[in-house]
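Structure file protein_31.txt (compact mmCIF, C-alpha atoms) is printed below.
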# COMPACT_ATOMS: atom_id res chain seq x y z
CA MET A 11 -47.14 13.57 7.96
CA GLY A 12 -46.95 13.22 4.17
CA ARG A 13 -45.29 16.57 3.90
CA LEU A 14 -42.76 15.60 6.58
CA ALA A 15 -41.84 12.44 4.69
CA ALA A 16 -41.48 14.40 1.47
CA MET A 17 -39.26 16.92 3.23
CA ARG A 18 -37.09 14.15 4.61
CA LEU A 19 -36.78 12.56 1.18
CA LEU A 20 -35.77 15.92 -0.26
CA ALA A 21 -33.18 16.39 2.48
CA ASN A 22 -31.78 12.91 1.81
CA ARG A 23 -31.56 13.60 -1.91
CA PHE A 24 -29.80 16.87 -1.19
CA ALA A 25 -27.32 15.25 1.18
CA PHE A 26 -26.58 12.50 -1.33
CA LEU A 27 -26.02 14.98 -4.13
CA SER A 28 -23.75 17.21 -2.08
CA LEU A 29 -21.66 14.22 -0.94
CA LEU A 30 -21.43 13.05 -4.54
CA ILE A 31 -20.18 16.47 -5.59
CA ALA A 32 -17.81 16.53 -2.63
CA SER A 33 -16.16 13.25 -3.73
CA LEU A 34 -15.73 14.51 -7.26
CA ALA A 35 -14.38 17.82 -5.97
CA LEU A 36 -11.84 15.96 -3.80
CA MET A 37 -10.62 14.01 -6.83
CA VAL A 38 -10.20 17.17 -8.87
CA LEU A 39 -8.51 18.93 -5.95
CA GLY A 40 -6.14 15.98 -5.49
CA LYS A 41 -5.17 16.29 -9.13
CA ALA A 42 -4.80 20.09 -9.00
CA ASP A 43 -3.09 20.56 -5.62
CA ALA A 44 -1.43 17.27 -4.71
CA SER A 45 0.65 18.69 -1.86
CA LEU A 46 -2.39 19.99 0.03
CA ILE A 47 -4.11 16.60 -0.17
CA GLU A 48 -0.87 14.90 0.85
CA ARG A 49 -0.66 17.02 3.94
CA ILE A 50 -4.27 16.30 4.95
CA ARG A 51 -3.81 12.61 4.29
CA LEU A 52 -0.67 12.21 6.38
CA THR A 53 -2.20 14.13 9.28
CA VAL A 54 -4.91 11.50 9.42
CA VAL A 55 -2.45 8.63 8.99
CA ASP A 56 -0.38 10.08 11.83
CA ALA A 57 -3.44 9.95 14.03
CA VAL A 58 -4.39 6.37 13.18
CA SER A 59 -0.90 4.86 13.00
CA PRO A 60 -0.81 4.12 16.76
CA VAL A 61 -4.19 2.38 16.35
CA ILE A 62 -2.87 0.32 13.45
CA GLU A 63 0.11 -0.65 15.59
CA VAL A 64 -2.09 -1.79 18.46
CA VAL A 65 -4.26 -3.86 16.11
CA PHE A 66 -1.08 -5.12 14.47
CA ARG A 67 0.49 -6.49 17.67
CA PRO A 68 -1.60 -9.67 18.05
CA ALA A 69 -1.41 -10.31 14.31
CA SER A 70 2.36 -10.04 14.36
CA ALA A 71 2.58 -12.29 17.42
CA ILE A 72 0.71 -15.00 15.52
CA ALA A 73 2.92 -14.52 12.47
CA ASP A 74 6.04 -14.70 14.65
CA GLY A 75 4.82 -17.94 16.19
CA VAL A 76 4.21 -19.53 12.80
CA ASN A 77 7.61 -18.35 11.58
CA ALA A 78 9.34 -19.74 14.68
CA MET A 79 7.80 -23.17 14.03
CA ARG A 80 8.85 -23.06 10.40
CA ASP A 81 12.39 -21.99 11.36
CA LEU A 82 12.74 -24.88 13.80
CA ALA A 83 11.91 -27.33 11.06
CA THR A 84 14.60 -26.03 8.74
CA LEU A 85 17.25 -25.37 11.37
CA ARG A 86 19.72 -28.06 10.34
CA SER A 87 19.73 -27.41 6.61
CA GLU A 88 19.75 -23.66 7.23
CA ASN A 89 22.81 -24.02 9.45
CA ALA A 90 24.68 -26.02 6.83
CA ARG A 91 23.78 -23.49 4.16
CA LEU A 92 24.91 -20.59 6.31
CA LYS A 93 28.25 -22.23 7.10
CA GLU A 94 28.90 -22.68 3.42
CA GLU A 95 27.80 -19.13 2.69
CA ASN A 96 29.98 -17.83 5.50
CA ALA A 97 33.04 -19.52 4.05
CA ARG A 98 32.34 -17.95 0.68
CA LEU A 99 31.73 -14.52 2.20
CA MET A 100 34.97 -14.69 4.16
CA HIS A 101 36.74 -15.09 0.87
CA TRP A 102 34.82 -12.12 -0.55
CA GLN A 103 35.68 -10.05 2.48
CA THR A 104 39.38 -10.56 1.83
CA VAL A 105 38.89 -9.59 -1.79
CA ALA A 106 36.82 -6.55 -0.82
CA ARG A 107 39.41 -5.37 1.72
CA HIS A 108 42.11 -5.65 -0.84
CA LEU A 109 40.07 -3.78 -3.46
CA ASP A 110 39.08 -1.15 -0.93
CA SER A 111 42.67 -0.32 -0.04
CA GLU A 112 43.66 -0.35 -3.69
CA ASN A 113 40.67 1.87 -4.54
CA ARG A 114 41.56 4.32 -1.81
CA ALA A 115 45.16 4.52 -2.97
CA LEU A 116 44.08 5.17 -6.55
CA ARG A 117 41.54 7.80 -5.46
CA THR A 118 44.15 9.80 -3.56
CA GLN A 119 46.28 9.78 -6.70
CA LEU A 120 43.36 11.08 -8.77
CA ASN A 121 42.10 13.78 -6.39
CA PHE A 122 38.72 12.03 -6.46
CA ILE A 123 35.87 13.78 -4.63
CA PRO A 124 33.88 11.08 -2.84
CA ASP A 125 30.07 11.01 -2.59
CA PRO A 126 28.78 12.38 0.70
CA ASP A 127 28.38 9.78 3.42
CA PRO A 128 24.77 8.74 3.83
CA SER A 129 22.84 8.96 7.07
CA PHE A 130 20.08 6.46 7.65
CA ILE A 131 17.10 5.58 9.81
CA THR A 132 15.82 2.07 10.28
CA THR A 133 12.09 1.87 10.72
CA ARG A 134 9.31 -0.67 10.97
CA VAL A 135 6.63 -1.25 8.34
CA ILE A 136 3.27 -0.75 10.06
CA GLY A 137 0.93 -0.84 7.11
CA ASP A 138 0.80 -2.57 3.75
CA THR A 139 -1.87 -0.58 2.03
CA GLY A 140 -3.64 -0.09 -1.21
CA GLY A 141 -4.59 -3.58 -2.34
CA ALA A 142 -4.66 -3.82 -6.10
CA PHE A 143 -4.70 -0.09 -6.77
CA VAL A 144 -1.69 1.37 -5.01
CA HIS A 145 1.57 -0.34 -4.01
CA SER A 146 2.62 1.57 -0.94
CA MET A 147 3.51 0.99 2.69
CA LEU A 148 3.35 2.96 5.90
CA VAL A 149 6.41 3.16 8.14
CA ASN A 150 6.47 4.46 11.70
CA SER A 151 9.00 7.26 11.30
CA GLY A 152 8.22 10.73 10.06
CA SER A 153 9.62 14.21 9.79
CA ARG A 154 10.37 14.18 13.55
CA ASP A 155 12.90 11.42 12.88
CA GLY A 156 14.41 13.14 9.87
CA VAL A 157 12.49 11.34 7.13
CA ARG A 158 11.98 13.55 4.11
CA LYS A 159 10.18 13.24 0.82
CA GLY A 160 12.19 11.60 -1.95
CA GLN A 161 14.62 9.66 0.26
CA ALA A 162 15.55 6.18 -0.88
CA VAL A 163 14.10 3.23 1.01
CA LEU A 164 16.23 0.11 1.22
CA SER A 165 15.80 -3.35 2.60
CA GLY A 166 19.30 -4.44 3.49
CA GLU A 167 21.29 -3.09 0.55
CA VAL A 168 18.46 -3.50 -1.94
CA MET A 169 16.38 -0.60 -3.17
CA VAL A 170 12.64 -1.08 -2.60
CA GLY A 171 11.13 2.37 -3.12
CA ARG A 172 11.14 5.98 -2.08
CA ILE A 173 9.40 8.18 0.48
CA ALA A 174 6.31 9.69 -1.15
CA GLU A 175 4.50 11.40 1.73
CA VAL A 176 5.77 12.40 5.16
CA GLY A 177 3.80 13.03 8.33
CA GLY A 178 5.03 13.80 11.83
CA ARG A 179 5.57 10.23 12.97
CA SER A 180 4.71 8.17 9.89
CA ALA A 181 5.53 8.20 6.21
CA ARG A 182 4.34 6.50 3.06
CA VAL A 183 6.76 4.50 0.96
CA LEU A 184 5.98 4.26 -2.75
CA LEU A 185 7.22 0.85 -3.86
CA LEU A 186 9.08 0.27 -7.13
CA THR A 187 6.13 -1.74 -8.39
CA ASP A 188 3.60 1.11 -8.06
CA ILE A 189 2.22 2.56 -11.26
CA ASN A 190 3.50 6.01 -10.27
CA SER A 191 7.09 4.88 -9.71
CA HIS A 192 9.71 5.78 -12.34
CA LEU A 193 13.34 5.16 -11.50
CA PRO A 194 16.50 5.81 -13.53
CA VAL A 195 18.41 2.52 -13.66
CA MET A 196 21.06 0.75 -15.68
CA ILE A 197 21.99 -2.78 -16.60
CA GLU A 198 25.00 -3.64 -14.48
CA GLY A 199 26.99 -5.47 -17.14
CA SER A 200 26.49 -3.21 -20.16
CA ARG A 201 25.89 0.09 -18.27
CA ALA A 202 22.92 0.70 -20.62
CA ARG A 203 20.54 3.20 -19.08
CA ALA A 204 16.78 2.80 -18.79
CA ILE A 205 13.79 3.81 -16.71
CA LEU A 206 12.22 1.26 -14.41
CA THR A 207 8.48 1.83 -14.42
CA GLY A 208 6.02 0.09 -12.12
CA ASP A 209 2.64 -1.04 -13.38
CA ASN A 210 1.07 -2.43 -10.19
CA SER A 211 2.19 -5.94 -11.06
CA ASP A 212 4.93 -7.77 -9.14
CA ARG A 213 7.41 -7.24 -11.97
CA PRO A 214 8.05 -3.65 -13.06
CA ARG A 215 8.94 -2.86 -16.68
CA LEU A 216 12.19 -1.57 -18.09
CA ASN A 217 11.44 1.30 -20.48
CA TYR A 218 13.46 3.63 -22.70
CA LEU A 219 16.34 1.21 -23.02
CA ALA A 220 18.66 2.15 -25.88
CA PRO A 221 17.57 0.00 -28.86
CA ASN A 222 20.90 -1.70 -29.56
CA SER A 223 21.68 -2.61 -25.97
CA GLY A 224 19.81 -5.85 -25.55
CA ALA A 225 18.78 -7.05 -22.12
CA ALA A 226 18.77 -10.75 -21.39
CA PRO A 227 17.09 -12.61 -18.56
CA GLY A 228 19.42 -12.74 -15.58
CA ASP A 229 20.96 -9.29 -16.10
CA ARG A 230 21.28 -7.38 -12.85
CA ILE A 231 19.56 -4.00 -12.65
CA ILE A 232 21.04 -1.26 -10.44
CA THR A 233 20.24 2.42 -9.88
CA SER A 234 22.02 4.69 -12.32
CA GLY A 235 22.11 7.80 -10.16
CA HIS A 236 20.80 9.97 -12.97
CA GLY A 237 18.44 12.72 -11.94
CA GLY A 238 20.52 13.03 -8.80
CA VAL A 239 17.93 11.60 -6.43
CA PHE A 240 19.52 8.27 -5.60
CA PRO A 241 23.19 7.30 -5.61
CA PRO A 242 24.35 4.96 -8.38
CA GLY A 243 24.94 1.27 -7.97
CA MET A 244 22.21 0.18 -5.58
CA PRO A 245 20.89 -3.25 -6.57
CA ILE A 246 17.22 -3.55 -7.54
CA GLY A 247 16.61 -6.87 -9.24
CA VAL A 248 17.27 -9.06 -12.26
CA VAL A 249 15.68 -9.12 -15.70
CA SER A 250 13.14 -11.93 -15.55
CA SER A 251 11.68 -11.96 -19.04
CA VAL A 252 12.05 -10.27 -22.43
CA GLN A 253 8.92 -10.71 -24.53
CA ASP A 254 7.79 -8.69 -27.54
CA GLY A 255 10.09 -5.87 -26.54
CA ILE A 256 8.67 -5.76 -23.01
CA ILE A 257 11.41 -6.26 -20.46
CA ARG A 258 10.29 -7.20 -16.96
CA VAL A 259 12.41 -7.05 -13.84
CA GLU A 260 12.08 -9.34 -10.87
CA PRO A 261 12.93 -7.25 -7.77
CA PHE A 262 15.28 -8.83 -5.23
CA VAL A 263 12.89 -8.00 -2.40
CA HIS A 264 9.15 -8.54 -2.54
CA ARG A 265 6.44 -6.53 -0.87
CA HIS A 266 5.40 -9.21 1.59
CA GLN A 267 8.97 -9.68 2.88
CA LEU A 268 9.36 -6.12 4.12
CA GLU A 269 9.29 -5.87 7.88
CA TYR A 270 12.03 -3.36 8.66
CA VAL A 271 13.31 -0.91 6.06
CA THR A 272 16.12 1.64 6.00
CA VAL A 273 15.38 5.20 4.94
CA VAL A 274 18.59 6.69 3.58
CA GLU A 275 19.59 10.32 3.18
CA TYR A 276 22.43 10.70 0.68
CA GLY A 277 22.65 14.47 0.81
CA LEU A 278 21.75 14.67 -2.86
CA PRO A 279 19.36 17.55 -3.49
CA GLY A 280 18.23 16.07 -6.80
CA ILE A 281 15.24 17.24 -8.76
CA LEU A 282 12.90 17.53 -5.82
CA PRO A 283 12.09 21.02 -4.53
CA PRO A 284 14.15 21.84 -1.43
CA GLU A 285 12.42 21.42 1.92
CA PRO A 286 13.65 22.80 5.23
CA PRO A 287 15.66 20.12 7.05
CA ALA A 288 13.80 18.51 9.92
CA GLN A 289 14.86 19.57 13.41
CA GLY A 290 16.05 17.11 16.02
CA GLY A 291 16.59 14.20 13.65
CA GLU A 292 17.49 11.00 15.44
CA GLY A 293 19.02 9.33 12.42
CA SER A 294 22.42 7.92 13.27
CA GLU A 295 25.39 8.86 11.14
CA ARG A 296 27.31 6.16 9.43
CA MET B 11 -24.35 -1.58 26.64
CA ASP B 12 -25.63 1.92 26.26
CA HIS B 13 -27.92 2.59 23.28
CA GLY B 14 -25.70 5.34 21.93
CA VAL B 15 -22.64 3.13 22.00
CA ARG B 16 -24.51 0.22 20.41
CA ASN B 17 -25.68 2.43 17.61
CA LEU B 18 -22.07 3.26 16.81
CA LEU B 19 -21.23 -0.42 16.29
CA PRO B 20 -21.91 -0.65 12.53
CA VAL B 21 -19.77 2.38 11.74
CA GLY B 22 -17.11 1.37 14.28
CA MET B 23 -16.83 -2.18 12.96
CA THR B 24 -16.60 -0.98 9.38
CA LEU B 25 -13.89 1.55 10.26
CA LEU B 26 -11.99 -1.23 12.01
CA LEU B 27 -12.17 -3.20 8.76
CA VAL B 28 -10.52 -0.25 6.98
CA LEU B 29 -7.60 -0.42 9.44
CA LEU B 30 -7.52 -4.21 9.23
CA SER B 31 -6.98 -4.05 5.48
CA ALA B 32 -3.88 -1.90 6.08
CA LEU B 33 -2.16 -4.61 8.14
CA PRO B 34 0.94 -6.17 6.60
CA THR B 35 0.10 -9.85 6.06
CA HIS B 36 3.61 -10.97 5.00
CA LEU B 37 1.99 -13.53 2.71
CA PRO B 38 3.48 -13.75 -0.77
CA GLY B 39 1.24 -12.20 -3.41
CA PHE B 40 -1.54 -11.49 -0.95
CA ALA B 41 -0.99 -7.76 -0.51
CA GLY B 42 -1.88 -7.00 -4.12
CA ILE B 43 -5.27 -8.68 -3.90
CA PHE B 44 -6.35 -7.89 -0.35
CA PRO B 45 -10.17 -7.86 -0.16
CA MET B 46 -12.09 -4.59 0.17
CA LEU B 47 -13.34 -5.49 3.64
CA ALA B 48 -15.11 -2.21 4.36
CA LEU B 49 -17.31 -2.67 1.28
CA ILE B 50 -18.91 -5.65 3.00
CA GLY B 51 -19.75 -3.53 6.04
CA VAL B 52 -21.21 -0.75 3.95
CA TYR B 53 -23.35 -3.21 1.97
CA TYR B 54 -24.54 -5.28 4.94
CA TRP B 55 -25.63 -2.35 7.06
CA ALA B 56 -27.25 -0.63 4.07
CA ILE B 57 -29.62 -3.62 3.90
CA TYR B 58 -30.30 -4.27 7.57
CA ARG B 59 -29.75 -1.00 9.43
CA PRO B 60 -29.36 1.92 6.98
CA ASP B 61 -30.28 4.27 9.83
CA LEU B 62 -27.06 3.32 11.66
CA LEU B 63 -24.75 3.56 8.65
CA PRO B 64 -26.32 6.24 6.42
CA ALA B 65 -24.92 7.58 3.16
CA SER B 66 -22.99 10.32 4.95
CA MET B 67 -21.19 7.69 7.09
CA ALA B 68 -20.45 5.58 4.01
CA PHE B 69 -18.84 8.69 2.53
CA CYS B 70 -16.72 9.21 5.66
CA ILE B 71 -15.64 5.54 5.76
CA GLY B 72 -14.59 5.84 2.11
CA LEU B 73 -12.65 8.99 2.93
CA ALA B 74 -10.86 7.22 5.79
CA GLN B 75 -10.00 4.35 3.48
CA ASP B 76 -8.59 6.68 0.83
CA MET B 77 -6.42 8.38 3.41
CA VAL B 78 -5.03 5.19 4.90
CA MET B 79 -4.65 3.31 1.62
CA GLY B 80 -3.14 6.05 -0.50
CA THR B 81 -5.73 5.81 -3.28
CA PRO B 82 -6.68 9.24 -4.70
CA LEU B 83 -8.87 11.06 -2.21
CA GLY B 84 -12.57 10.83 -3.08
CA VAL B 85 -12.48 7.52 -4.95
CA ALA B 86 -13.55 5.15 -2.18
CA SER B 87 -15.89 7.77 -0.72
CA LEU B 88 -17.71 8.03 -4.05
CA VAL B 89 -17.82 4.24 -4.47
CA TYR B 90 -19.12 3.59 -0.94
CA LEU B 91 -21.62 6.42 -1.22
CA LEU B 92 -23.04 4.90 -4.40
CA VAL B 93 -23.04 1.35 -2.98
CA GLN B 94 -24.79 2.49 0.18
CA SER B 95 -27.51 4.50 -1.59
CA MET B 96 -28.18 1.88 -4.25
CA THR B 97 -28.38 -0.94 -1.73
CA ALA B 98 -30.44 1.01 0.79
CA SER B 99 -32.95 2.01 -1.89
CA GLN B 100 -33.49 -1.69 -2.75
CA ARG B 101 -33.33 -3.03 0.81
CA LYS B 102 -37.00 -4.09 0.98
CA PHE B 103 -36.20 -6.64 -1.72
CA PHE B 104 -33.59 -8.32 0.48
CA LEU B 105 -35.49 -8.48 3.76
CA GLY B 106 -36.73 -11.99 4.43
CA LYS B 107 -34.87 -13.40 1.41
CA PRO B 108 -32.35 -16.25 1.86
CA PHE B 109 -28.68 -15.51 2.38
CA LEU B 110 -27.80 -16.66 -1.14
CA VAL B 111 -29.77 -13.77 -2.65
CA ALA B 112 -27.88 -11.19 -0.59
CA TRP B 113 -24.59 -12.88 -1.44
CA SER B 114 -25.17 -12.98 -5.20
CA CYS B 115 -26.30 -9.37 -5.23
CA PHE B 116 -23.20 -8.52 -3.22
CA ALA B 117 -21.07 -10.25 -5.86
CA LEU B 118 -22.53 -8.00 -8.54
CA MET B 119 -22.18 -4.94 -6.34
CA ALA B 120 -18.55 -5.79 -5.50
CA LEU B 121 -17.72 -6.23 -9.17
CA ALA B 122 -19.32 -2.89 -10.01
CA ALA B 123 -17.57 -1.19 -7.07
CA VAL B 124 -14.13 -2.58 -7.96
CA LEU B 125 -14.53 -1.72 -11.62
CA LEU B 126 -15.57 1.83 -10.77
CA THR B 127 -12.55 2.16 -8.45
CA TRP B 128 -10.35 0.78 -11.24
CA LEU B 129 -11.78 3.26 -13.74
CA LEU B 130 -11.39 6.27 -11.41
CA CYS B 131 -7.85 5.29 -10.35
CA SER B 132 -6.84 4.74 -13.98
CA MET B 133 -8.21 8.15 -14.91
CA LEU B 134 -6.54 9.92 -11.98
CA PHE B 135 -3.19 8.15 -12.49
CA ASP B 136 -3.29 8.68 -16.30
CA HIS B 137 -2.42 5.00 -16.74
CA LEU B 138 -4.56 1.95 -17.35
CA LEU B 139 -4.12 -0.25 -14.29
CA PRO B 140 -3.84 -3.99 -14.98
CA LEU B 141 -7.23 -5.69 -14.58
CA GLY B 142 -5.94 -9.05 -13.31
CA PRO B 143 -5.21 -8.18 -9.66
CA VAL B 144 -8.32 -6.03 -9.58
CA LEU B 145 -10.54 -8.97 -10.55
CA PHE B 146 -8.76 -11.21 -8.04
CA GLU B 147 -9.47 -8.61 -5.40
CA THR B 148 -13.16 -8.81 -6.33
CA LEU B 149 -13.15 -12.60 -5.95
CA MET B 150 -11.41 -12.33 -2.56
CA THR B 151 -13.96 -9.79 -1.40
CA ILE B 152 -16.85 -12.01 -2.50
CA ALA B 153 -15.24 -14.99 -0.77
CA VAL B 154 -14.91 -13.17 2.55
CA TYR B 155 -18.52 -11.95 2.49
CA PRO B 156 -20.13 -14.98 4.20
CA LEU B 157 -17.75 -14.78 7.16
CA LEU B 158 -18.15 -11.07 7.78
CA SER B 159 -21.87 -11.20 7.07
CA TRP B 160 -22.20 -13.89 9.74
CA LEU B 161 -20.17 -11.77 12.14
CA PHE B 162 -22.33 -8.73 11.47
CA GLY B 163 -25.44 -10.90 11.79
CA ARG B 164 -24.38 -12.10 15.24
CA THR B 165 -23.66 -8.54 16.35
CA HIS B 166 -26.95 -7.45 14.88
CA SER B 167 -29.07 -10.01 16.68
CA ALA B 168 -27.13 -9.89 19.95
CA LEU B 169 -26.74 -6.18 20.44
CA LEU B 170 -28.98 -4.29 18.08
CA SER B 171 -32.19 -6.32 17.90
CA GLY B 172 -33.85 -4.57 20.83
CA VAL B 173 -32.85 -1.09 19.70
Could you render the structure from this file as structure tokens?
Amino acid sequence: MGRLAAMRLLANRFAFLSLLIASLALMVLGKADASLIERIRLTVVDAVSPVIEVVFRPASAIADGVNAMRDLATLRSENARLKEENARLMHWQTVARHLDSENRALRTQLNFIPDPDPSFITTRVIGDTGGAFVHSMLVNSGSRDGVRKGQAVLSGEVMVGRIAEVGGRSARVLLLTDINSHLPVMIEGSRARAILTGDNSDRPRLNYLAPNSGAAPGDRIITSGHGGVFPPGMPIGVVSSVQDGIIRVEPFVHRHQLEYVTVVEYGLPGILPPEPPAQGGEGSER
Amino acid sequence: MDHGVRNLLPVGMTLLLVLLSALPTHLPGFAGIFPMLALIGVYYWAIYRPDLLPASMAFCIGLAQDMVMGTPLGVASLVYLLVQSMTASQRKFFLGKPFLVAWSCFALMALAAVLLTWLLCSMLFDHLLPLGPVLFETLMTIAVYPLLSWLFGRTHSALLSGV
């Protein structure tokens, strides 16, 4: 009996040690061959995403109910605000139409080659994952729907992140605020270029800004299109604070507000290695 | 319920907690400090029924969490493996002790677990992650412990006591 117990203890120790080594090996492997780990990870996420959706349904029903109550309370003031906004937007629409026709006329005179028209897929956020360590989200479209690694992810017209990992029917969006996110941007007014770097806080930092081009709170930050991954001019946020040379940007859209996002393909090959285009994409053409 | 199915409850409930922590809450600021729910399951069952959630299962739960959450693979599996083995080796100390003892020890364990995760993630990302949200996450996890511990306790006495 004593020997049996000793044997069992030995077996337990051995199992513990091998699992310990396995975890360390996985970390090293993830560092050495990221694409292999990505593939394994998304296969599993693909399998559990229907489960997450089923669990998510009741939770979203409750959230919808609470939101409906809140909306009812603010209906009147919201309506007044929207009417006012509508009037202002109608004015802008006239201006935009005018500028558009003028722009088109000027472009034909210049032999301007336009950017390729983007195609897009609208998809639902099914998972907000990572807690304090990773700022990422799961969406319920994957390579079957034409989602590919590196595509821009927008909420409305605002940039929120990019596709980091793609599975068959789900994909992971790396948000701008994640520590691994680096995005070429510029300040809209001065056209000064910089890199927007996440640091897992709600307000990413603006790095590598040219020293004599000062940024002030309130400046709008847009994508610069450098690196050829994203088209230029997509809004991201505004400069919220400049302290001790650290410039922080308040994004227009926050993580908790994302419910539906748009995955956009701009036909820009960029710096990412080419991947074979997905077959049978359902993304509608604009 | 069948014995086999009942014996799967601790692992099943803890895996469900992994999925639960991936749900979008749509609450401002909450996503960055969402509690490590599965840690509570791993700790609780390591004290009361380590035979039903052994070290190997803690490893697998950690692996599942890494895959769903997007943290580097192996981080949560290592953390849960260590939490499970350390707690299970000291479990005799907890048995028969009041709830407050288990809770305070959990607080220490959660702090250690979160700090280890922070250290490993920082090393694997080559960047020091900010400590603020990480410490908030610890507090949230500690705050949720009584609720989940009660839930596990009810399951334990209702379904697993005779097993």
Pick from A:Phe143, A:Phe262, A:Phe130, A:Phe24 nearest to chain B, counting all atoms listed in the file: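 Nearest candidate to chain B out of A:Phe143, A:Phe262, A:Phe130, A:Phe24: A:Phe143.
Atom CA of A:Asn77 is found 18.2 Å from atom CA of A:Leu92.
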Fewer than 5 positions away in the same chain doesn't count, so skip those; otherwise give me all residues within 10 Å of A:Met244, counting only C-alpha atoms, as a list of chain:residue names. A:Leu164, A:Glu167, A:Val168, A:Met169, A:Val195, A:Ile231, A:Ile232, A:Thr233, A:Ser234, A:Gly235
Compute the chain A side of the contact with chain B at 7 Å, counting all atoms listed in the file, and hand it back as a CSV table (one decimal) with C-alpha atoms, keeping the file's coordinate frame.
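As written to disk, out_1.csv reads:
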chain,number,residue,atom,x,y,z
A,26,PHE,CA,-26.6,12.5,-1.3
A,30,LEU,CA,-21.4,13.0,-4.5
A,33,SER,CA,-16.2,13.2,-3.7
A,34,LEU,CA,-15.7,14.5,-7.3
A,36,LEU,CA,-11.8,16.0,-3.8
A,37,MET,CA,-10.6,14.0,-6.8
A,40,GLY,CA,-6.1,16.0,-5.5
A,51,ARG,CA,-3.8,12.6,4.3
A,54,VAL,CA,-4.9,11.5,9.4
A,55,VAL,CA,-2.4,8.6,9.0
A,62,ILE,CA,-2.9,0.3,13.4
A,66,PHE,CA,-1.1,-5.1,14.5
A,136,ILE,CA,3.3,-0.8,10.1
A,137,GLY,CA,0.9,-0.8,7.1
A,138,ASP,CA,0.8,-2.6,3.8
A,139,THR,CA,-1.9,-0.6,2.0
A,140,GLY,CA,-3.6,-0.1,-1.2
A,141,GLY,CA,-4.6,-3.6,-2.3
A,142,ALA,CA,-4.7,-3.8,-6.1
A,143,PHE,CA,-4.7,-0.1,-6.8
A,144,VAL,CA,-1.7,1.4,-5.0
A,209,ASP,CA,2.6,-1.0,-13.4
A,210,ASN,CA,1.1,-2.4,-10.2
A,266,HIS,CA,5.4,-9.2,1.6
A,267,GLN,CA,9.0,-9.7,2.9
To one decimal in Å, tell me the separation between atom CA of A:Gln253 and atom CA of A:Asn217.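 Those two atoms sit 12.9 Å apart.
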Pick from A:Ser250, A:Thr207, A:Ser111, A:Ser191 nearest to A:Ala226, counting all atoms listed in the file: A:Ser250
So that I can check the surroundings of B:Leu19, please list as JSON, numbers by chain every protein, DNA and RNA residue that reaches within 12 Å of it, counting all atoms listed in the file and ignoring chain neighbours fewer than 3 positions away. {"B": [11, 12, 13, 14, 15, 16, 22, 23, 24, 25, 26, 51, 55, 59, 62, 63, 162, 165, 166, 168, 169, 170]}
Separation of atom CA of B:Gln94 from atom CA of B:Leu18 in Å: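 Between atom CA of B:Leu18 and atom CA of B:Gln94 the gap is 16.9 Å.
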Could you check which of B:Asn17, B:Gly106, B:Ala117, B:Ile57 is closest to B:Val154, using all atoms listed in the file?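 Among the listed residues, B:Ala117 lies closest to B:Val154.
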Counting all atoms listed in the file, the residue of A:Val271, A:Leu216, A:Ile257, A:Ala106 that sits nearest A:Leu185: A:Val271
A:Gly160: which residues within 8 Å, counting only C-alpha atoms, same-chain residues fewer than 3 positions away excluded, as a list in words? Arg172, Ile173, Ala174, Val239 and Leu282 of chain A
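With only C-alpha atoms as the atoms that count, the residue of B:Val52, B:Pro60, B:Pro156, B:Leu126 with the shortest distance to B:Val111 is B:Pro156.
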